[in-house]
Amino acid sequence: MSPQGLTSEKNSTEVKIEREPIVDATHGDSLNAGGNVRPQNSFETASFFSKLFFMWPHQLMKEGMLRTLTEIDLPNVMETEASVTNRNYFEKLWQDEVHRVEELRKNLPPNSKKLKTLRPSLHWALAKDFFKTTWVIQPLMFANCTARIVMSLALGYLIESFEKMSNDGYIWAGVLIFCNLIVLFEHHHVFLITWRKGMQIRIGAVASIFAKTLRLNSIGGSDAVPSGKIMNLVSNDVERFIPTALFISYLIWAPLSAIAILIIGMYLIGPAFACGFGLLIFVTTPMQFYLSRRFAILRSRVATITDTRMTLVSQTIVGVRVMKMSGWEKEFEKRIADIRKMEVKQIHKANGLKALNEALFFSVNILVSIVVFLCYVFFFDGILNTRLVFTIFSLTNILQLELTKHLSFGVMSGAECWVSIRRIQQFFEEPELIEKQVMNTTSSSNLSSIEMDRDIIIRLSNVTCYWDVNRHANSADECMEDTTRSTMALEDVSVDLKVGELICVVGSVGSGKSALLSSIVGELSVSKGSIFRSYDSLAYASQDPWIMNGNIKENILMGKEMDPQYYDQVIKACGLTQDFAQFMHGDETMVGDRGVQCSGGQRARLGLARALYRDADIIVLDDPLSAVDSRVGRLIFYSAIMDLMVKKGKCVVLATHQHQYIGNSRCIFMCNGKIRNIGSFSECVELSDGNLHFVSHNADDSSEGSNGNDEKDSGDLMKKEIAKNINSEDVAKHMDNDASKQNITDNQEETKFNGVVSRATFFRYGRAMGGIGICICLLVLFAITQALMLGNVVAIGRWSELEAEQQKSRTIILVVVGLGGAVILSSLFRSLACFALTIRASKRLHDAMTESVLRAKIVFFDTNPSGRFVPTLPKSSLLLQECNSHAHFIFLPSRYVKHRILNRFSADVGSNDDLLPHTLFDFLMCFFLVFGSIITACTAVPAILLAFPPLIWYFMKVRNMFVTTSRELKRFESMARSPIFAMLGESISGIATIRSNGCKNYFENKFSASHDAHGRAFWSFLGSSRWLGFRMDSLMFVACSLASILAVLFSQKGWIGVDPVVFGLALSMLIQLGSIFQWTIRQSAEVVNQMVSVERVSEYSNIEPEPPLHMNGDNNKTWPEHGCIVVKDLTARYRKDLPPTLRGVSFTIEAGKRVGICGRTGSGKSTLVQSLFRILEAECGSIHIDGVDIQTLGLHHLRTGMSVINQHPVLFSGCTIRENLDPFHSYSDEAIIDALTDVQMIQAVHELPDGMNSIVAEGGSNFSVGQRQLLCLSRAILQKSKILVLDEASANVDGRTDQLLQHAVNKSFQESTIVSVAHRLDTIIDNDLILVLGNGEVLEYGTPAELISRNGALSQMVDDTGEELSRELRRRANASKNS
């Protein structure tokens, strides 16, 4: 493909997102639910003086001090910071770079070697744009460099005036004050400009990454981008833009300042200064570059390991039910811990480099000054004086700051950013789905034939597709190299689809049905052949329904305008009326992360309703009937598929295993990726070689007249079922409870703790570092290091006061050199200790969170806090604040639950790994530096103490205002990340549904709204930081000015004597505090802000766990030996505030029996399965297995003693097939091959390029849903447990495969107890016993023949399947009885 990988699309469509603030990303006001208007951004309307003195953030700071801020208090995002604006700008930069390189390549000769190396560079594009758009900072930085050098000279002459008692002290004090004023304004305005630019680049990068995600190929292959990597790009890599923007210009100005200082230094003391300068240039600076290169390498390694860890964490969360039911918590915890150990090892190495860098920064000024003065005295016979000492000391201070701090930050942040930009560019260059494949296309070769039949809506001509080919070529020759090791999905497929026609796609599991549908909707790349399209719109319902976070209505409308009449028709046709009656909030009910609050049938019908509501010309349905029972299946087929689509002239493509509905419809019989036959179903059966079986269709329902009656009957049945399944008293009770809870579905924000970060959080962090004693020792080490540094400077000053012949005294030299060495060693030890302890704390916090999350109850993954800010509640209740609802549906969903967990494992852990250690070290170092400077100033000029009360009062007022407000702003910023991760995660998993249904613009606009919400919080925090910084530096400016004027005044008047050495030290320190003091205050607040990440990680370290994994009752290692299950008076509910979903259930399953469990939606089938595995704990009653009460067993012993196949198959991506079947290498290859053979998957696996070692793509998308189910079944067969639970295990397979599966299960579990939950009665009608549940109670229990003869619940369900299938089921039941 083209190297562009990124296309610019301007989206001007304004989208209203329900229950979110209504956002016009540029100028419009935002409203919350109460109608409060969001304030306009004060920066846009600020005057020149307001911007000059940073007064524009004051109103927000004042509001934050008066009361706790809410999200609506944040000002509107400016157009220059809007997501759409910066995305378009970022994409244009990349496109311009691509075009530039293309033009250069055109001008090169064909045989030029540069053609291989000349590639677009996002690095170059961003660097060029940065310096072009921020040019104004260059003259400002020139003024800053000049002013700092002049200040150093003025300081020397001011000190000299005290020794000579001259009258020019006021002049030099005035020069010093004026230069200090220039530095004050320059520093903060340059920071604002560069920080803002870095923010804009980050916004553009994140928005472009999201837009790119919507263009990635949804068919996962070996080259698929892992979701963990994409998440890491957004959570970590883009964060490198801001520090790089702040310090990159120092790569220019730091060397220029150094040259100027070298010239002035040599003018003052000659070649001796060059010795110290040489030490900086040829020792410390090369060391900085070496450290930067090493740091970049380590950063790349850490990022790669973090990607791996995040992918594993993501898979663990997605497959949490599989993990828990299989008893794999400890194994997954160990895998995560092993990866984390490798990650921490690399972080330790990187922190070692950081520690060395910090030690160099702190001590290089002392080291260089000592070298300069020693050379000056011993080699050039110079005589030191206080003016020279403090002038050189100040110049060296500037030199140290520029070369070892600013230049170092510039190099290190630039190196990190270089790695991140490279990773982002690689992502942009990932192959993507070519949009032309889903647009109307034609060619001259088939134009005439198409014109002859205008009813053709899609024509596939000799189409060949591969699962693993991501490049899009139109000829086989061009992609031959790519397809040599690729798996073929479709081969030479040709078919015409016409208007007003129902086309049924049939075939066995893995035959290519889903691949054909994917090519029709444009999600499977065509390697050979062509697809002609002649329609305006297309809708698609996937086999594994994709449900986005939000309410039911949002999932159905998906951005389309509401048409109440048609909406009601769709709801009724999809059989959702009954479900809406059960839901306390109807279609406003939140469905949760991935629709976790809905059953499989509900998810399937929601996906179908979404496709129907698109009212498209062609509707592609991938087996929507497999997850529903026979009654609902008939309703869907005749009311939805036939009445609402086919009879209205739509072209409907239906892949299905429910062959009883096919009737006379045209069929496409797929076999091994080829079309074996196109014709009637009977013709397909004849050609299937036994892979298909003829099933009589419901002839009585196929006519128009009977269809209407059927729909009416179905409606009556639903009404009866509602009456049976809903307890009126429960509904009334919960309606009363709900009356006091308004907008319960509207508040789905992440838990936000108000007020000050608790002291418990700081103590918890201290304990994680090693204990309070260790922390106190660390503080003492910082104090000792600072004292040694001050003592060393004073010793150098006293050295300069000695007579010329005494300046070479061995005693003074030993004192100066000894103190210098002590400073170097103590600073290095301090840095290493601090970084080692903080990474230890981060590791312990991460490990505790991992264990807590993996051991959490399943309700943690299915629910979330409502988002109301309830500071009176304990933290534990904030985790799981829930609402009342009915039945087993949890209506308050885990909106962003997966992404919240990922956010804590990525952004918050990343903060604890990288940001907090550096910030804490920086704060402690600066704090002791400020403290030492103030003590020195008070010693030199005691009169300055008179100015301290008003300065301290103003300092406390400003600091309190900043800390209070910035804490809330930082929390808003942190919380606003979760929706971004959620949207990104949704787009990754649902890209096929999003694109096929034409919802890409809707999602882009929705993402922009969430992105702008984060931008509002971040811009507000940026403004508050500059507001504080300017005022703190102004305080230091006043203090420095007062110290200078008072010292001159008192010296001139002779009121007190001024010690030139102490005064020189004090004033040089105060000048240095011009930027350090405000940085100290900001870092103190930043430590508190970043402790929020510690708080958030700690919050997830205290989740209520499941019962113990191991108990005293686990002594019997052979349990269960027989598989006898006795359930007695079992009552269970999902939560205490919900009505029970099982009510006094009692039954017995004898060892070795096969028992089928059936019932309508909401009858309690899933609850019973979860109670069996203690996913839900029994409220009363008991379950005994082989005479042992399962409550007395540890969860690990209980769950590993049984096997389960869930309704929704889960495969772990990034792992091989073998690792998916045997994650912990407990079985031999032969055993795995036997298991695959039993489930009829061995051939499909052998056809993969690497066989069992082939990598499973993201979400298992390189397998059909049916194949995924079979692989999960083979996983259970490997365990050969005495109890096997099948939860709709064969819902997504064809009839013949189902028979083979039943045979495999019977063969592998001959002496085992088999419990099968099913909607399809034909899968359980041959079982020994059938348990019928309804409204959480046992309706019937007995043999199939016995229950059918009663004309009870099972008999009614059999009758609902239709006359022909009902007759077949009754025959099989009687045959089973006779056998």
# chains A, B, ... in the order shown; residues from 1 in each chain; ligands from 1

call {"tool": "residues_around", "arguments": {"residues": "A:Ile366", "least_positions_apart": "4", "cutoff": "8 Å", "atoms": "only C-alpha atoms", "output": "PyMOL selection string"}}
result
chain A and resi 370+789+792-793+820

call {"tool": "residues_around", "arguments": {"residues": "stretch 1007-1022 of chain A", "least_positions_apart": "6", "cutoff": "6 Å", "atoms": "only C-alpha atoms", "output": "number ranges by chain"}}
result
A: 77, 82-83, 969, 972-973, 976

call {"tool": "write_last_selection", "arguments": {"atoms": "all heavy atoms", "output": "PDB file, in the first residue's frame"}}
result
ATOM      1  N   VAL A  77     -13.417  24.464  25.459  1.00  0.00           N
ATOM      2  CA  VAL A  77     -12.160  24.280  24.739  1.00  0.00           C
ATOM      3  C   VAL A  77     -12.100  25.263  23.577  1.00  0.00           C
ATOM      4  O   VAL A  77     -13.101  25.538  22.913  1.00  0.00           O
ATOM      5  CB  VAL A  77     -12.031  22.828  24.236  1.00  0.00           C
ATOM      6  CG1 VAL A  77     -13.071  22.512  23.187  1.00  0.00           C
ATOM      7  CG2 VAL A  77     -10.639  22.565  23.696  1.00  0.00           C
ATOM      8  N   ALA A  82      -9.070  22.211  19.942  1.00  0.00           N
ATOM      9  CA  ALA A  82     -10.125  21.236  19.682  1.00  0.00           C
ATOM     10  C   ALA A  82      -9.561  19.991  19.013  1.00  0.00           C
ATOM     11  O   ALA A  82      -8.572  20.042  18.267  1.00  0.00           O
ATOM     12  CB  ALA A  82     -11.220  21.848  18.798  1.00  0.00           C
ATOM     13  N   SER A  83     -10.197  18.867  19.262  1.00  0.00           N
ATOM     14  CA  SER A  83      -9.726  17.589  18.741  1.00  0.00           C
ATOM     15  C   SER A  83      -9.749  17.556  17.222  1.00  0.00           C
ATOM     16  O   SER A  83      -8.771  17.158  16.577  1.00  0.00           O
ATOM     17  CB  SER A  83     -10.578  16.449  19.316  1.00  0.00           C
ATOM     18  OG  SER A  83     -10.200  15.208  18.776  1.00  0.00           O
ATOM     19  N   LEU A 969      -8.537  19.647  39.262  1.00  0.00           N
ATOM     20  CA  LEU A 969      -8.298  19.680  37.814  1.00  0.00           C
ATOM     21  C   LEU A 969      -7.532  18.441  37.367  1.00  0.00           C
ATOM     22  O   LEU A 969      -7.815  17.867  36.314  1.00  0.00           O
ATOM     23  CB  LEU A 969      -7.526  20.943  37.445  1.00  0.00           C
ATOM     24  CG  LEU A 969      -8.249  22.276  37.665  1.00  0.00           C
ATOM     25  CD1 LEU A 969      -7.330  23.442  37.316  1.00  0.00           C
ATOM     26  CD2 LEU A 969      -9.530  22.340  36.843  1.00  0.00           C
ATOM     27  N   PHE A 972      -9.917  15.590  37.326  1.00  0.00           N
ATOM     28  CA  PHE A 972     -10.767  15.661  36.139  1.00  0.00           C
ATOM     29  C   PHE A 972     -10.004  15.182  34.910  1.00  0.00           C
ATOM     30  O   PHE A 972     -10.534  14.447  34.071  1.00  0.00           O
ATOM     31  CB  PHE A 972     -11.251  17.099  35.911  1.00  0.00           C
ATOM     32  CG  PHE A 972     -12.398  17.514  36.785  1.00  0.00           C
ATOM     33  CD1 PHE A 972     -12.342  18.680  37.523  1.00  0.00           C
ATOM     34  CD2 PHE A 972     -13.540  16.731  36.867  1.00  0.00           C
ATOM     35  CE1 PHE A 972     -13.389  19.055  38.335  1.00  0.00           C
ATOM     36  CE2 PHE A 972     -14.598  17.105  37.676  1.00  0.00           C
ATOM     37  CZ  PHE A 972     -14.526  18.274  38.417  1.00  0.00           C
ATOM     38  N   GLU A 973      -8.755  15.621  34.809  1.00  0.00           N
ATOM     39  CA  GLU A 973      -7.934  15.227  33.653  1.00  0.00           C
ATOM     40  C   GLU A 973      -7.710  13.725  33.636  1.00  0.00           C
ATOM     41  O   GLU A 973      -7.794  13.077  32.589  1.00  0.00           O
ATOM     42  CB  GLU A 973      -6.597  15.978  33.718  1.00  0.00           C
ATOM     43  CG  GLU A 973      -5.750  15.844  32.469  1.00  0.00           C
ATOM     44  CD  GLU A 973      -4.775  14.685  32.543  1.00  0.00           C
ATOM     45  OE1 GLU A 973      -4.497  14.236  33.667  1.00  0.00           O
ATOM     46  OE2 GLU A 973      -4.311  14.219  31.489  1.00  0.00           O
ATOM     47  N   ALA A 976     -10.970  11.964  32.754  1.00  0.00           N
ATOM     48  CA  ALA A 976     -11.383  12.193  31.369  1.00  0.00           C
ATOM     49  C   ALA A 976     -10.640  11.295  30.397  1.00  0.00           C
ATOM     50  O   ALA A 976     -11.029  11.209  29.219  1.00  0.00           O
ATOM     51  CB  ALA A 976     -11.153  13.665  30.991  1.00  0.00           C
TER      52      ALA A 976
END

call {"tool": "atom_distance", "arguments": {"atom1": "atom CA of A:His187", "atom2": "atom CA of A:Leu1073"}}
result
12.8 Å

call {"tool": "atom_distance", "arguments": {"atom1": "atom CA of A:Ile347", "atom2": "atom CA of A:Ile297"}}
result
11.3 Å

call {"tool": "residues_around", "arguments": {"residues": "stretch 650-666 of chain A", "least_positions_apart": "3", "cutoff": "6 Å", "atoms": "only C-alpha atoms", "output": "ChimeraX atom specification"}}
result
/A:499-505,617-623,645-646,679-680,695-697,1294

call {"tool": "write_last_selection", "arguments": {"atoms": "N, CA and C atoms", "output": "CSV table (one decimal), in the first residue's frame"}}
result
chain,number,residue,atom,x,y,z
A,499,VAL,N,-32.1,-7.4,-5.6
A,499,VAL,CA,-33.0,-6.6,-4.8
A,499,VAL,C,-34.2,-7.5,-4.4
A,500,GLY,N,-34.7,-7.4,-3.2
A,500,GLY,CA,-35.9,-8.0,-2.8
A,500,GLY,C,-35.7,-9.5,-2.6
A,501,GLU,N,-34.6,-10.0,-2.3
A,501,GLU,CA,-34.3,-11.4,-2.3
A,501,GLU,C,-33.7,-11.8,-1.0
A,502,LEU,N,-34.1,-13.0,-0.4
A,502,LEU,CA,-33.4,-13.6,0.7
A,502,LEU,C,-32.5,-14.6,0.3
A,503,ILE,N,-31.2,-14.5,0.5
A,503,ILE,CA,-30.2,-15.4,0.1
A,503,ILE,C,-29.6,-16.0,1.4
A,504,CYS,N,-29.7,-17.3,1.6
A,504,CYS,CA,-29.3,-18.0,2.8
A,504,CYS,C,-27.9,-18.7,2.5
A,505,VAL,N,-27.0,-18.4,3.3
A,505,VAL,CA,-25.6,-19.0,3.2
A,505,VAL,C,-25.5,-20.1,4.2
A,617,ASP,N,-30.3,-0.7,1.9
A,617,ASP,CA,-30.7,-1.4,0.7
A,617,ASP,C,-30.3,-2.9,0.8
A,618,ILE,N,-29.2,-3.2,1.5
A,618,ILE,CA,-28.8,-4.6,1.7
A,618,ILE,C,-28.5,-4.8,3.1
A,619,ILE,N,-29.0,-5.9,3.7
A,619,ILE,CA,-28.7,-6.2,5.1
A,619,ILE,C,-28.0,-7.6,5.1
A,620,VAL,N,-26.9,-7.6,5.8
A,620,VAL,CA,-26.1,-8.8,5.9
A,620,VAL,C,-26.2,-9.3,7.3
A,621,LEU,N,-26.7,-10.5,7.5
A,621,LEU,CA,-26.9,-11.1,8.9
A,621,LEU,C,-26.1,-12.4,9.0
A,622,ASP,N,-25.3,-12.4,10.0
A,622,ASP,CA,-24.4,-13.5,10.3
A,622,ASP,C,-25.0,-14.3,11.5
A,623,ASP,N,-25.8,-15.3,11.2
A,623,ASP,CA,-26.4,-16.2,12.1
A,623,ASP,C,-27.0,-15.5,13.4
A,645,MET,N,-37.9,-6.5,6.0
A,645,MET,CA,-36.8,-6.4,5.0
A,645,MET,C,-37.1,-6.9,3.6
A,646,VAL,N,-37.3,-8.2,3.5
A,646,VAL,CA,-37.5,-8.8,2.2
A,646,VAL,C,-38.7,-8.3,1.5
A,679,GLY,N,-28.4,-22.6,-5.2
A,679,GLY,CA,-29.7,-23.1,-5.6
A,679,GLY,C,-30.6,-23.3,-4.4
A,680,SER,N,-31.5,-24.3,-4.5
A,680,SER,CA,-32.4,-24.6,-3.4
A,680,SER,C,-31.7,-25.3,-2.3
A,695,VAL,N,-34.0,-30.4,6.8
A,695,VAL,CA,-34.9,-30.1,7.8
A,695,VAL,C,-36.2,-29.4,7.2
A,696,SER,N,-37.3,-30.0,7.5
A,696,SER,CA,-38.5,-29.4,6.9
A,696,SER,C,-38.8,-28.1,7.4
A,697,HIS,N,-39.1,-27.1,6.5
A,697,HIS,CA,-39.3,-25.8,7.0
A,697,HIS,C,-40.7,-25.7,7.5
A,1294,ASP,N,-23.3,-25.9,12.8
A,1294,ASP,CA,-24.4,-26.5,12.0
A,1294,ASP,C,-24.8,-27.8,12.6

call {"tool": "residues_around", "arguments": {"residues": "A:Thr1080", "least_positions_apart": "4", "cutoff": "8 Å", "atoms": "only C-alpha atoms", "output": "PyMOL selection string"}}
result
chain A and resi 922-923+926-927+1076+1084

call {"tool": "write_last_selection", "arguments": {"atoms": "C-alpha atoms", "output": "short mmCIF file (atom, residue, chain, number, x, y, z; two decimals), in the first residue's frame"}}
result
data_model
loop_
_atom_site.label_atom_id
_atom_site.label_comp_id
_atom_site.auth_asym_id
_atom_site.auth_seq_id
_atom_site.Cartn_x
_atom_site.Cartn_y
_atom_site.Cartn_z
CA ASP A 922 12.78 16.79 42.03
CA PHE A 923 10.54 18.19 44.76
CA CYS A 926 14.36 21.64 45.26
CA PHE A 927 12.73 21.87 48.69
CA ILE A 1076 13.41 26.91 41.31
CA SER A 1084 4.83 19.78 45.60
#

call {"tool": "residues_around", "arguments": {"residues": "stretch 46-51 of chain A", "least_positions_apart": "4", "cutoff": "12 Å", "atoms": "only C-alpha atoms", "output": "PyMOL selection string"}}
result
chain A and resi 40-42+55-59+185+188-189+192-193+1023+1026-1027+1030

call {"tool": "write_last_selection", "arguments": {"atoms": "C-alpha atoms", "output": "tab-separated table (two decimals), in the first residue's frame"}}
result
chain	number	residue	atom	x	y	z
A	40	GLN	CA	-16.23	30.73	27.91
A	41	ASN	CA	-12.50	30.22	27.81
A	42	SER	CA	-11.00	33.23	29.59
A	55	MET	CA	-4.41	36.87	35.34
A	56	TRP	CA	-6.80	34.99	33.02
A	57	PRO	CA	-6.91	31.73	35.06
A	58	HIS	CA	-7.73	33.62	38.29
A	59	GLN	CA	-11.52	33.20	38.13
A	185	PHE	CA	8.50	37.16	32.16
A	188	HIS	CA	6.75	31.68	31.95
A	189	HIS	CA	5.64	32.90	28.56
A	192	LEU	CA	3.15	28.53	28.09
A	193	ILE	CA	3.83	28.71	24.35
A	1023	GLY	CA	-3.37	27.65	33.02
A	1026	ARG	CA	1.38	29.10	34.87
A	1027	TRP	CA	-0.75	31.21	37.23
A	1030	PHE	CA	4.43	33.39	37.73

call {"tool": "residues_around", "arguments": {"residues": "A:Ser1349", "least_positions_apart": "4", "cutoff": "12 Å", "atoms": "only C-alpha atoms", "output": "list in words"}}
result
Glu1340, Gly1342, Thr1343, Pro1344, Ala1345, Ala1353, Leu1354, Ser1355, Gln1356, Val1358, Arg1370, Arg1371, Ala1373, Asn1374 and Lys1377 of chain A

call {"tool": "write_last_selection", "arguments": {"atoms": "N, CA, C and O atoms", "output": "mmCIF file, in the first residue's frame"}}
result
data_model
loop_
_atom_site.group_PDB
_atom_site.id
_atom_site.type_symbol
_atom_site.label_atom_id
_atom_site.label_comp_id
_atom_site.auth_asym_id
_atom_site.auth_seq_id
_atom_site.Cartn_x
_atom_site.Cartn_y
_atom_site.Cartn_z
ATOM 1 N N GLU A 1340 -40.298 -28.096 35.577
ATOM 2 C CA GLU A 1340 -40.404 -29.526 35.290
ATOM 3 C C GLU A 1340 -39.017 -30.145 35.363
ATOM 4 O O GLU A 1340 -38.014 -29.481 35.085
ATOM 5 N N GLY A 1342 -37.444 -34.205 34.454
ATOM 6 C CA GLY A 1342 -37.671 -35.608 34.163
ATOM 7 C C GLY A 1342 -37.100 -35.967 32.818
ATOM 8 O O GLY A 1342 -36.355 -35.196 32.189
ATOM 9 N N THR A 1343 -37.456 -37.154 32.329
ATOM 10 C CA THR A 1343 -36.982 -37.568 31.013
ATOM 11 C C THR A 1343 -37.708 -36.767 29.939
ATOM 12 O O THR A 1343 -38.833 -36.287 30.159
ATOM 13 N N PRO A 1344 -37.111 -36.612 28.754
ATOM 14 C CA PRO A 1344 -37.771 -35.841 27.690
ATOM 15 C C PRO A 1344 -39.152 -36.386 27.345
ATOM 16 O O PRO A 1344 -40.108 -35.610 27.201
ATOM 17 N N ALA A 1345 -39.271 -37.702 27.214
ATOM 18 C CA ALA A 1345 -40.563 -38.287 26.835
ATOM 19 C C ALA A 1345 -41.601 -38.035 27.919
ATOM 20 O O ALA A 1345 -42.771 -37.716 27.627
ATOM 21 N N ALA A 1353 -44.599 -27.237 30.340
ATOM 22 C CA ALA A 1353 -43.723 -26.186 29.824
ATOM 23 C C ALA A 1353 -42.872 -26.673 28.671
ATOM 24 O O ALA A 1353 -42.728 -25.994 27.653
ATOM 25 N N LEU A 1354 -42.229 -27.849 28.813
ATOM 26 C CA LEU A 1354 -41.386 -28.357 27.732
ATOM 27 C C LEU A 1354 -42.215 -28.649 26.487
ATOM 28 O O LEU A 1354 -41.784 -28.348 25.369
ATOM 29 N N SER A 1355 -43.376 -29.214 26.669
ATOM 30 C CA SER A 1355 -44.240 -29.497 25.524
ATOM 31 C C SER A 1355 -44.591 -28.212 24.784
ATOM 32 O O SER A 1355 -44.609 -28.179 23.545
ATOM 33 N N GLN A 1356 -44.873 -27.134 25.534
ATOM 34 C CA GLN A 1356 -45.181 -25.845 24.898
ATOM 35 C C GLN A 1356 -43.977 -25.319 24.118
ATOM 36 O O GLN A 1356 -44.124 -24.803 23.008
ATOM 37 N N VAL A 1358 -41.629 -27.132 22.774
ATOM 38 C CA VAL A 1358 -41.495 -27.972 21.590
ATOM 39 C C VAL A 1358 -42.475 -27.521 20.520
ATOM 40 O O VAL A 1358 -42.142 -27.422 19.328
ATOM 41 N N ARG A 1370 -40.439 -34.722 19.095
ATOM 42 C CA ARG A 1370 -41.220 -35.697 19.856
ATOM 43 C C ARG A 1370 -40.797 -37.123 19.488
ATOM 44 O O ARG A 1370 -40.709 -38.004 20.357
ATOM 45 N N ARG A 1371 -40.509 -37.315 18.206
ATOM 46 C CA ARG A 1371 -40.066 -38.646 17.784
ATOM 47 C C ARG A 1371 -38.753 -39.012 18.443
ATOM 48 O O ARG A 1371 -38.582 -40.134 18.948
ATOM 49 N N ALA A 1373 -37.529 -37.823 21.230
ATOM 50 C CA ALA A 1373 -37.719 -38.013 22.662
ATOM 51 C C ALA A 1373 -38.247 -39.405 22.963
ATOM 52 O O ALA A 1373 -37.770 -40.083 23.894
ATOM 53 N N ASN A 1374 -39.204 -39.848 22.185
ATOM 54 C CA ASN A 1374 -39.751 -41.189 22.393
ATOM 55 C C ASN A 1374 -38.722 -42.262 22.057
ATOM 56 O O ASN A 1374 -38.645 -43.293 22.720
ATOM 57 N N LYS A 1377 -36.438 -42.640 24.847
ATOM 58 C CA LYS A 1377 -37.064 -43.386 25.937
ATOM 59 C C LYS A 1377 -36.987 -44.882 25.681
ATOM 60 O O LYS A 1377 -36.655 -45.674 26.573
#

call {"tool": "select_by_dssp", "arguments": {"residues": "stretch 1005-1181 of chain A", "states": "strand (DSSP E or B)", "output": "list in words"}}
result
Pro1105, Ile1125, Val1126, Val1127, Lys1128, Asp1129, Leu1130, Thr1131, Ala1132, Leu1142, Arg1143, Gly1144, Val1145, Ser1146, Phe1147, Thr1148, Ile1149, Arg1154, Val1155, Gly1156, Ile1157, Cys1158, Gly1159, Cys1180 and Gly1181 of chain A

call {"tool": "residues_around", "arguments": {"residues": "A:Ile159", "least_positions_apart": "5", "cutoff": "10 Å", "atoms": "only C-alpha atoms", "output": "VMD selection string"}}
result
chain A and resid 154 164 to 165 169 172 to 173 386 to 388 390 to 391 1044 1047 to 1048 1058 to 1061 1063 to 1064 1067

call {"tool": "write_last_selection", "arguments": {"atoms": "C-alpha atoms", "output": "PDB file, in the first residue's frame"}}
result
ATOM      1  CA  ALA A 154      26.347  42.379  38.194  1.00  0.00           C
ATOM      2  CA  LYS A 164      35.583  48.561  48.502  1.00  0.00           C
ATOM      3  CA  MET A 165      32.721  50.454  50.123  1.00  0.00           C
ATOM      4  CA  GLY A 169      26.204  49.324  44.652  1.00  0.00           C
ATOM      5  CA  TRP A 172      24.620  47.034  40.114  1.00  0.00           C
ATOM      6  CA  ALA A 173      21.617  46.189  42.272  1.00  0.00           C
ATOM      7  CA  THR A 386      35.100  37.202  46.225  1.00  0.00           C
ATOM      8  CA  ARG A 387      34.039  39.032  43.039  1.00  0.00           C
ATOM      9  CA  LEU A 388      35.756  36.469  40.819  1.00  0.00           C
ATOM     10  CA  PHE A 390      30.899  34.396  42.866  1.00  0.00           C
ATOM     11  CA  THR A 391      30.910  35.671  39.301  1.00  0.00           C
ATOM     12  CA  SER A1044      19.991  43.511  47.046  1.00  0.00           C
ATOM     13  CA  ALA A1047      22.232  44.992  51.604  1.00  0.00           C
ATOM     14  CA  VAL A1048      23.446  48.079  49.712  1.00  0.00           C
ATOM     15  CA  VAL A1058      27.641  42.579  55.268  1.00  0.00           C
ATOM     16  CA  ASP A1059      29.777  39.456  54.956  1.00  0.00           C
ATOM     17  CA  PRO A1060      30.613  39.367  51.220  1.00  0.00           C
ATOM     18  CA  VAL A1061      30.955  35.556  51.215  1.00  0.00           C
ATOM     19  CA  PHE A1063      25.876  37.575  51.001  1.00  0.00           C
ATOM     20  CA  GLY A1064      27.321  36.338  47.708  1.00  0.00           C
ATOM     21  CA  LEU A1067      22.180  36.284  46.549  1.00  0.00           C
TER      22      LEU A1067
END

call {"tool": "atom_distance", "arguments": {"atom1": "atom CA of A:Val364", "atom2": "atom CA of A:Phe241"}}
result
28.3 Å

call {"tool": "closest_residue", "arguments": {"among": "A:Lys1117, A:Arg422, A:Lys513, A:His1225", "to": "A:Met670", "atoms": "only C-alpha atoms"}}
result
A:Lys513

call {"tool": "select_by_dssp", "arguments": {"residues": "stretch 1150-1327 of chain A", "states": "alpha helix (DSSP H)", "output": "ChimeraX atom specification"}}
result
/A:1165-1172,1195-1200,1217-1221,1229-1238,1242-1246,1265-1279,1295-1308
